[in-house]
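S.K.: TSV, C-alpha atoms, saved as structure17.tsv, coming up:
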```tsv
chain	number	residue	atom	x	y	z
A	1	MET	CA	0.00	0.00	0.00
A	2	GLN	CA	1.28	3.45	-0.91
A	3	LYS	CA	2.28	5.49	2.14
A	4	ILE	CA	1.19	9.13	2.03
A	5	ILE	CA	1.99	11.99	4.39
A	6	VAL	CA	-0.16	15.08	3.77
A	7	LEU	CA	1.98	18.11	4.62
A	8	CYS	CA	0.21	21.37	5.47
A	9	GLY	CA	0.34	24.46	7.68
A	10	GLY	CA	3.59	26.40	7.63
A	11	ASP	CA	4.34	29.97	8.60
A	12	SER	CA	3.14	31.90	5.54
A	13	GLU	CA	0.12	34.19	5.41
A	14	GLU	CA	-1.67	31.35	3.64
A	15	ARG	CA	-1.37	29.01	6.62
A	16	GLU	CA	-5.12	28.76	7.26
A	17	VAL	CA	-5.85	27.96	3.62
A	18	SER	CA	-3.11	25.32	3.70
A	19	LEU	CA	-4.58	23.70	6.81
A	20	ARG	CA	-7.96	23.50	5.08
A	21	SER	CA	-6.36	22.08	1.94
A	22	GLY	CA	-4.46	19.50	3.98
A	23	GLU	CA	-7.52	18.39	5.91
A	24	ALA	CA	-9.60	18.10	2.71
A	25	ILE	CA	-6.88	16.04	0.99
A	26	PHE	CA	-6.34	13.81	4.03
A	27	GLN	CA	-10.05	13.08	4.46
A	28	SER	CA	-10.52	12.34	0.73
A	29	LEU	CA	-7.55	10.03	0.12
A	30	ASP	CA	-8.96	6.52	-0.30
A	31	VAL	CA	-8.10	4.43	2.78
A	32	THR	CA	-8.23	1.27	0.66
A	33	LYS	CA	-5.35	2.60	-1.46
A	34	TYR	CA	-3.23	4.61	0.95
A	35	ASP	CA	-1.67	4.34	4.38
A	36	LYS	CA	-2.01	8.01	5.28
A	37	VAL	CA	-1.25	10.50	8.03
A	38	LEU	CA	-1.57	14.28	8.41
A	39	LEU	CA	1.58	16.28	9.15
A	40	LYS	CA	1.20	19.92	10.22
A	41	ILE	CA	4.02	22.45	10.32
A	42	GLU	CA	3.28	24.82	13.17
A	43	SER	CA	3.97	28.56	12.97
A	44	ASP	CA	7.02	28.06	15.24
A	45	ASN	CA	8.35	25.42	12.77
A	46	ARG	CA	7.62	22.39	14.96
A	47	TRP	CA	6.29	19.47	12.92
A	48	TYR	CA	3.24	17.67	14.33
A	49	VAL	CA	2.36	14.10	13.27
A	50	SER	CA	-1.35	13.58	13.87
A	51	ASP	CA	-1.26	9.80	14.39
A	52	ASN	CA	1.19	6.92	14.65
A	53	PHE	CA	2.71	6.18	11.25
A	54	SER	CA	5.16	3.40	10.39
A	55	ASP	CA	7.77	3.66	13.17
A	56	ILE	CA	6.93	7.29	13.96
A	57	HIS	CA	4.82	8.09	17.01
A	58	SER	CA	2.29	10.92	16.94
A	59	GLY	CA	3.54	14.17	18.44
A	60	TYR	CA	5.87	17.09	17.85
A	61	TYR	CA	9.27	16.90	16.15
A	62	SER	CA	11.87	19.31	14.91
A	63	GLN	CA	12.12	19.50	11.13
A	64	TRP	CA	15.40	17.65	10.74
A	65	GLN	CA	14.56	15.10	13.43
A	66	LEU	CA	11.42	14.11	11.52
A	67	ILE	CA	13.06	14.32	8.09
A	68	GLU	CA	15.65	11.81	9.31
A	69	HIS	CA	12.84	9.42	10.27
A	70	LEU	CA	10.93	9.94	7.01
A	71	ALA	CA	13.99	9.26	4.87
A	72	LYS	CA	14.03	5.69	6.22
A	73	ILE	CA	10.45	4.85	5.21
A	74	ASN	CA	10.07	2.87	2.01
A	75	LYS	CA	7.37	3.67	-0.54
A	76	LEU	CA	6.63	7.09	0.93
A	77	ILE	CA	5.29	10.16	-0.85
A	78	ILE	CA	4.81	13.56	0.77
A	79	PHE	CA	1.60	15.14	-0.54
A	80	ILE	CA	2.45	18.85	-0.41
A	81	ALA	CA	-0.55	20.97	0.62
A	82	LEU	CA	1.54	23.99	1.61
A	83	HIS	CA	0.84	27.37	0.05
A	84	GLY	CA	2.98	30.50	-0.07
A	85	ARG	CA	6.38	31.15	1.46
A	86	HIS	CA	8.47	28.08	2.42
A	87	GLY	CA	5.94	25.69	0.90
A	88	GLU	CA	5.33	26.76	-2.67
A	89	ASP	CA	8.62	28.53	-3.40
A	90	GLY	CA	10.95	25.53	-3.67
A	91	ARG	CA	12.34	25.54	-0.14
A	92	ILE	CA	10.45	22.55	1.25
A	93	GLN	CA	11.04	20.77	-2.05
A	94	ALA	CA	14.80	21.31	-1.60
A	95	VAL	CA	14.63	19.91	1.95
A	96	LEU	CA	12.81	16.78	0.79
A	97	GLU	CA	15.12	16.24	-2.18
A	98	SER	CA	18.20	16.57	0.01
A	99	ALA	CA	16.84	13.67	2.09
A	100	GLY	CA	15.77	11.60	-0.91
A	101	ILE	CA	12.06	11.82	-0.04
A	102	ALA	CA	9.52	11.74	-2.88
A	103	TYR	CA	6.81	14.41	-3.05
A	104	THR	CA	3.92	15.60	-5.20
A	105	GLY	CA	4.04	18.57	-7.51
A	106	SER	CA	6.77	20.66	-9.07
A	107	GLY	CA	10.46	20.54	-8.25
A	108	VAL	CA	12.73	23.13	-6.67
A	109	GLU	CA	13.41	25.27	-9.74
A	110	ALA	CA	9.88	25.32	-11.15
A	111	SER	CA	8.43	26.07	-7.71
A	112	ALA	CA	10.84	28.97	-7.19
A	113	ILE	CA	10.17	30.46	-10.63
A	114	GLY	CA	6.41	29.98	-10.38
A	115	MET	CA	6.26	31.72	-7.00
A	116	ASN	CA	8.22	34.72	-8.28
A	117	LYS	CA	5.64	36.57	-10.39
A	118	PHE	CA	8.16	38.98	-11.93
A	119	LEU	CA	10.61	36.24	-12.87
A	120	SER	CA	7.95	33.86	-14.21
A	121	ALA	CA	6.50	36.66	-16.38
A	122	LYS	CA	9.97	37.24	-17.85
A	123	VAL	CA	10.40	33.51	-18.55
A	124	LEU	CA	6.98	33.31	-20.22
A	125	ALA	CA	7.57	36.44	-22.29
A	126	ALA	CA	10.86	34.99	-23.54
A	127	GLU	CA	8.86	32.03	-24.85
A	128	LYS	CA	6.37	34.36	-26.59
A	129	LEU	CA	3.59	33.67	-24.13
A	130	PRO	CA	1.27	36.63	-23.33
A	131	SER	CA	2.53	37.75	-19.91
A	132	ILE	CA	1.76	41.21	-18.52
A	133	PRO	CA	4.69	43.70	-18.51
A	134	SER	CA	5.52	44.82	-14.98
A	135	THR	CA	7.96	46.77	-12.83
A	136	VAL	CA	9.42	45.39	-9.61
A	137	VAL	CA	10.45	47.52	-6.63
A	138	HIS	CA	12.28	46.44	-3.49
A	139	LYS	CA	11.80	47.41	0.13
A	140	GLY	CA	14.39	49.91	1.30
A	141	THR	CA	15.30	51.14	-2.18
A	142	PHE	CA	12.00	51.92	-3.89
A	143	GLN	CA	12.01	55.57	-2.79
A	144	SER	CA	15.07	56.15	-4.98
A	145	GLN	CA	13.01	54.83	-7.93
A	146	TRP	CA	10.01	57.02	-7.14
A	147	ASP	CA	10.35	59.59	-9.95
A	148	THR	CA	10.93	56.84	-12.54
A	149	ILE	CA	7.95	54.85	-11.26
A	150	ILE	CA	5.66	57.89	-11.49
A	151	LYS	CA	6.75	58.65	-15.06
A	152	GLN	CA	6.11	55.08	-16.21
A	153	LEU	CA	2.87	54.54	-14.29
A	154	MET	CA	-0.38	54.14	-16.23
A	155	PHE	CA	-3.74	54.13	-14.47
A	156	PRO	CA	-5.47	52.10	-13.33
A	157	ALA	CA	-2.65	49.92	-11.99
A	158	ILE	CA	-2.32	46.82	-9.85
A	159	ILE	CA	0.11	46.79	-6.92
A	160	LYS	CA	0.86	43.35	-5.46
A	161	PRO	CA	3.52	41.36	-3.59
A	162	ASN	CA	5.94	39.63	-5.93
A	163	GLN	CA	5.99	36.36	-3.98
A	164	SER	CA	2.71	35.78	-2.22
A	165	GLY	CA	-0.53	34.01	-2.97
A	166	SER	CA	-4.28	34.09	-2.32
A	167	SER	CA	-4.28	37.69	-3.64
A	168	LEU	CA	-3.10	38.99	-0.28
A	169	GLY	CA	-1.82	42.57	-0.30
A	170	VAL	CA	-3.22	43.36	-3.76
A	171	THR	CA	-4.53	46.87	-4.48
A	172	LEU	CA	-6.09	48.47	-7.55
A	173	ILE	CA	-5.14	52.15	-7.74
A	174	PHE	CA	-6.36	55.03	-9.89
A	175	SER	CA	-4.01	57.86	-8.91
A	176	VAL	CA	-0.51	58.69	-7.69
A	177	ALA	CA	-2.02	59.62	-4.33
A	178	GLU	CA	-2.88	55.95	-3.73
A	179	LEU	CA	0.51	54.53	-4.73
A	180	GLN	CA	2.49	54.88	-1.50
A	181	LYS	CA	-0.17	53.24	0.66
A	182	ALA	CA	-0.62	50.38	-1.83
A	183	ILE	CA	3.12	49.68	-1.97
A	184	GLU	CA	3.39	49.72	1.82
A	185	LEU	CA	0.51	47.23	2.08
A	186	ALA	CA	2.16	44.89	-0.43
A	187	PHE	CA	5.47	45.13	1.46
A	188	GLN	CA	3.71	43.57	4.46
A	189	TYR	CA	3.68	40.30	2.49
A	190	ASP	CA	6.96	40.39	0.57
A	191	SER	CA	10.15	42.44	0.27
A	192	SER	CA	9.58	42.98	-3.45
A	193	VAL	CA	6.48	44.43	-5.06
A	194	ILE	CA	5.12	44.37	-8.61
A	195	ILE	CA	3.49	47.30	-10.37
A	196	GLU	CA	1.59	46.39	-13.52
A	197	PRO	CA	-1.20	47.78	-15.69
A	198	PHE	CA	-4.72	46.76	-14.75
A	199	ILE	CA	-6.41	44.88	-17.58
A	200	LYS	CA	-10.17	44.98	-17.54
A	201	GLY	CA	-11.88	41.91	-18.87
A	202	ARG	CA	-13.16	38.42	-18.09
A	203	GLU	CA	-11.10	36.33	-15.69
A	204	PHE	CA	-10.52	32.61	-16.19
A	205	THR	CA	-8.42	29.89	-14.64
A	206	CYS	CA	-7.37	26.50	-15.94
A	207	GLY	CA	-5.77	23.56	-14.17
A	208	VAL	CA	-3.19	21.33	-15.84
A	209	LEU	CA	-2.19	17.79	-14.87
A	210	GLY	CA	1.01	16.11	-15.96
A	211	ASN	CA	4.78	16.00	-15.66
A	212	THR	CA	6.94	18.10	-17.94
A	213	GLY	CA	8.45	15.90	-20.61
A	214	SER	CA	5.43	13.57	-20.52
A	215	ASP	CA	1.80	13.78	-21.55
A	216	ILE	CA	-0.14	16.62	-19.92
A	217	ARG	CA	-3.78	17.60	-20.08
A	218	ALA	CA	-5.83	20.69	-19.31
A	219	LEU	CA	-8.87	20.59	-17.06
A	220	PRO	CA	-12.11	22.39	-17.96
A	221	VAL	CA	-11.89	26.20	-17.92
A	222	VAL	CA	-13.41	28.14	-14.99
A	223	GLU	CA	-14.75	31.67	-15.35
A	224	ILE	CA	-14.60	33.82	-12.22
A	225	ILE	CA	-17.34	36.43	-12.12
A	226	LYS	CA	-16.48	39.06	-9.53
A	227	VAL	CA	-18.52	41.75	-7.82
A	228	GLN	CA	-15.34	43.86	-7.68
A	229	ASP	CA	-12.42	44.40	-10.04
A	230	VAL	CA	-9.87	42.45	-7.98
A	231	PHE	CA	-10.32	38.74	-7.15
A	232	ASP	CA	-8.86	39.16	-3.65
A	233	TYR	CA	-8.59	36.90	-0.60
A	234	GLU	CA	-12.16	37.54	0.52
A	235	ALA	CA	-13.55	36.86	-2.95
A	236	LYS	CA	-11.58	33.60	-3.14
A	237	TYR	CA	-12.50	32.17	0.24
A	238	VAL	CA	-15.79	33.78	1.30
A	239	THR	CA	-18.76	32.00	-0.26
A	240	GLY	CA	-21.01	34.22	-2.36
A	241	VAL	CA	-18.54	37.04	-3.01
A	242	ALA	CA	-17.63	35.67	-6.46
A	243	GLN	CA	-19.20	33.18	-8.86
A	244	GLU	CA	-17.04	30.39	-10.26
A	245	ILE	CA	-18.60	28.82	-13.34
A	246	CYS	CA	-17.20	25.57	-14.70
A	247	PRO	CA	-17.15	24.80	-17.49
A	248	ALA	CA	-16.96	28.46	-18.51
A	249	GLN	CA	-19.92	29.70	-20.53
A	250	ASN	CA	-20.14	32.09	-23.49
A	251	LEU	CA	-16.78	31.09	-24.92
A	252	THR	CA	-16.25	29.76	-28.39
A	253	VAL	CA	-14.63	26.36	-28.76
A	254	GLU	CA	-11.56	28.15	-30.12
A	255	GLN	CA	-11.36	30.45	-27.07
A	256	GLN	CA	-11.64	27.51	-24.67
A	257	ARG	CA	-8.91	25.66	-26.50
A	258	GLU	CA	-6.70	28.75	-26.55
A	259	ILE	CA	-7.01	29.19	-22.77
A	260	GLN	CA	-6.26	25.51	-22.20
A	261	SER	CA	-3.34	25.59	-24.63
A	262	ILE	CA	-1.82	28.63	-22.90
A	263	ALA	CA	-2.24	26.98	-19.48
A	264	MET	CA	-0.52	23.81	-20.73
A	265	ARG	CA	2.28	25.76	-22.39
A	266	THR	CA	2.81	27.78	-19.20
A	267	HIS	CA	3.04	24.54	-17.19
A	268	GLN	CA	5.67	23.21	-19.62
A	269	VAL	CA	7.73	26.40	-19.95
A	270	ILE	CA	8.06	26.82	-16.17
A	271	GLY	CA	8.97	23.10	-15.97
A	272	CYS	CA	6.15	22.01	-13.68
A	273	ASN	CA	5.03	18.59	-12.50
A	274	GLY	CA	1.78	17.32	-11.05
A	275	LEU	CA	-1.07	19.82	-10.81
A	276	THR	CA	-0.81	23.53	-11.60
A	277	ARG	CA	-3.39	26.23	-12.21
A	278	THR	CA	-2.86	29.20	-14.50
A	279	ASP	CA	-4.90	32.38	-14.01
A	280	ILE	CA	-5.76	34.30	-17.16
A	281	ILE	CA	-7.62	37.46	-18.14
A	282	MET	CA	-9.28	38.05	-21.51
A	283	ASP	CA	-9.38	41.76	-22.26
A	284	GLU	CA	-12.27	43.59	-23.90
A	285	GLN	CA	-10.72	43.03	-27.34
A	286	GLY	CA	-10.57	39.27	-26.75
A	287	PHE	CA	-6.80	39.05	-26.21
A	288	ILE	CA	-5.57	36.69	-23.49
A	289	HIS	CA	-3.03	37.68	-20.81
A	290	ILE	CA	-1.43	35.39	-18.20
A	291	LEU	CA	-1.81	36.68	-14.65
A	292	GLU	CA	0.20	33.97	-12.88
A	293	ILE	CA	0.77	30.25	-12.42
A	294	ASN	CA	0.05	28.46	-9.14
A	295	THR	CA	2.31	25.44	-8.64
A	296	SER	CA	0.52	24.37	-5.45
A	297	PRO	CA	-3.15	25.25	-6.03
A	298	GLY	CA	-5.63	25.39	-3.20
A	299	MET	CA	-7.54	22.23	-2.33
A	300	THR	CA	-10.22	23.62	-0.04
A	301	GLU	CA	-13.95	23.17	-0.48
A	302	GLN	CA	-13.96	26.54	-2.32
A	303	SER	CA	-10.91	25.81	-4.47
A	304	LEU	CA	-10.97	25.85	-8.24
A	305	CYS	CA	-9.21	22.65	-9.34
A	306	PRO	CA	-11.64	20.40	-7.40
A	307	LEU	CA	-14.43	22.29	-9.20
A	308	GLU	CA	-12.75	21.58	-12.55
A	309	ILE	CA	-12.38	17.85	-11.88
A	310	LYS	CA	-16.06	17.70	-10.89
A	311	ALA	CA	-16.93	19.23	-14.29
A	312	GLU	CA	-15.20	16.22	-15.86
A	313	GLY	CA	-17.67	13.98	-14.04
A	314	LYS	CA	-15.06	12.83	-11.51
A	315	GLU	CA	-14.70	13.13	-7.74
A	316	PHE	CA	-12.10	14.96	-5.66
A	317	LYS	CA	-10.50	11.65	-4.71
A	318	ASP	CA	-9.94	10.94	-8.42
A	319	LEU	CA	-7.94	14.16	-8.73
A	320	LEU	CA	-5.85	13.13	-5.72
A	321	ASP	CA	-5.22	9.71	-7.29
A	322	GLU	CA	-3.93	11.39	-10.46
A	323	ILE	CA	-1.60	13.64	-8.46
A	324	VAL	CA	-0.20	10.64	-6.56
A	325	ILE	CA	0.30	8.68	-9.80
A	326	LEU	CA	2.24	11.61	-11.28
A	327	ALA	CA	4.47	11.67	-8.19
A	328	GLN	CA	5.04	7.91	-8.56
A	329	GLN	CA	6.01	8.44	-12.19
A	330	LYS	CA	8.65	10.96	-11.11
A	331	ILE	CA	10.15	8.32	-8.80
A	332	THR	CA	10.23	5.79	-11.64
A	333	ILE	CA	11.96	8.26	-13.98
A	334	ASN	CA	14.50	9.26	-11.36
```
Do you think you could lay out the structure here as C-alpha cells?

M.R.:
Amino acid sequence: MQKIIVLCGGDSEEREVSLRSGEAIFQSLDVTKYDKVLLKIESDNRWYVSDNFSDIHSGYYSQWQLIEHLAKINKLIIFIALHGRHGEDGRIQAVLESAGIAYTGSGVEASAIGMNKFLSAKVLAAEKLPSIPSTVVHKGTFQSQWDTIIKQLMFPAIIKPNQSGSSLGVTLIFSVAELQKAIELAFQYDSSVIIEPFIKGREFTCGVLGNTGSDIRALPVVEIIKVQDVFDYEAKYVTGVAQEICPAQNLTVEQQREIQSIAMRTHQVIGCNGLTRTDIIMDEQGFIHILEINTSPGMTEQSLCPLEIKAEGKEFKDLLDEIVILAQQKITIN
C-alpha cells in the first residue's frame, strides 16, 4: 500500500488555507489505497504528526529530526498541501530532495520560478507567451526609484507582492495619491512588489495535470465572475462574493482551446510537475493575458481545481489519485 503523508500548515500568510487544503486532501484520500497521516508544520516550525505512522509516534518533532525518520520509510510520498512562502517557493522541495524523499508537484526550480511573479513573467515572455509587462520595486530602495515609477505609471494599476498568494496585499489604484499606501501594504507580504497595468476583462483559470516531458492535459476552464475588479482573498475564500462557473460559458470552442493551450504551455515552460493552475484574463478586445501560475493550487472546499475535476464527471479523490500517480512516475523516472 502506498504510504502518504499530507503536509500542510507552515508559517506563511496562507497558513489557514493550507490547513484547510491538507484536511480536505487527508479526508478524501482513499483508505483502501493509501496508508495516510496528516503532518502539520506549526507557525514556530515544529512538525506535528497527527497519528502513529510506520515507526513514527504521533507528536511534535523538529524539522530535521522528523526528516531523518521519514527518509528511512520505504514507498513514501509527501503530498504537499503547503501554500505560499516556504511551501510553494521551492524551499520545502529542496529539503525533501536533500533527504531523498519523494513528493507531489513541481520541483525546486519550477516552484521557485512559479512563485516569483516577476521572474515567471519574464520567462513566459521569452517564450512568446502573453505575460503582462511589470515593474518590480524592493523594500528599502524603492524611494530612490520614485520619480521613474511615477513617469512610467499608467492608471489604473495593480500593486501586489511579488511572492505571495491568495491575492493577499493586492490593491487596484487610480491615482498617484494611492501609490504609496498600496506599496506599503504589499510590502507587508513580501520584500519585493510588482506594479503592472490593470487589464479589464473576463477572468478565467485552468488547471493542468502532468509532468513536464510527458503527456499533460488541461482541465475544464473556470470563469470567475467578480462583484469587484480584484479577485482578492475575501472573494476567493468567502462563499457568495464571487461566482465560479465551470465549465466556462459564453466562450467559443476556439477560445476555450486557446485558454487551455496557454495553461498547458505555461506549465511546460516553467517546468512544472503534477497539478498547476494558471490564471488568465481576456481583455475587452478578446486578447488573453497570463496573470500567474500556481504550482501548489488550493484544495479547499472553495478551491478551483476540485471544481474543474467535478466538471469532468469525476470526484475529488480521483484528482488526488492522479496527483499521486504523477508523483510515482517521477520516482520511476528518477

S.K.: Which one of A:Ile288, A:Ile80, A:Ile5, A:Gly213 sits closest to A:Asn52 if you count only C-alpha atoms?

M.R.: A:Ile5

S.K.: Do you know which residues are at most 7 Å from stretch 304-319 of chain A counting all atoms listed in the file, after dropping those on the same chain fewer than 6 positions away, and could you put them as a VMD selection string?

M.R.: chain A and resid 28 to 30 207 219 to 220 246 to 247

S.K.: Quote the spacing between atom CA of A:Gln255 and atom CA of A:Ala242 in Å to one decimal place.

M.R.: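 Computed distance, atom CA of A:Gln255 to atom CA of A:Ala242, equals 22.2 Å.
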
S.K.: To one decimal place, how far is atom CA of A:Ile259 from atom CA of A:Phe287 in Å?

M.R.: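 Separation of atom CA of A:Ile259 and atom CA of A:Phe287: 10.4 Å.
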
S.K.: Would you work out the distance separating atom CA of A:Asp147 from atom CA of A:Ser131, expressed in Å to one decimal?

M.R.: 25.2 Å

S.K.: Pick out the closest residue to A:Asn162 from this set: A:Glu292, A:Asp215, A:Glu254, A:Asp35. Count all atoms listed in the file.

M.R.: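 For A:Asn162, the nearest of the given residues is A:Glu292.
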
S.K.: Under the rule that only C-alpha atoms are counted, which of A:Glu178, A:Asp279, A:Glu301, A:Glu196 is the nearest residue to A:Val222?

M.R.: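 Closest candidate: A:Asp279.
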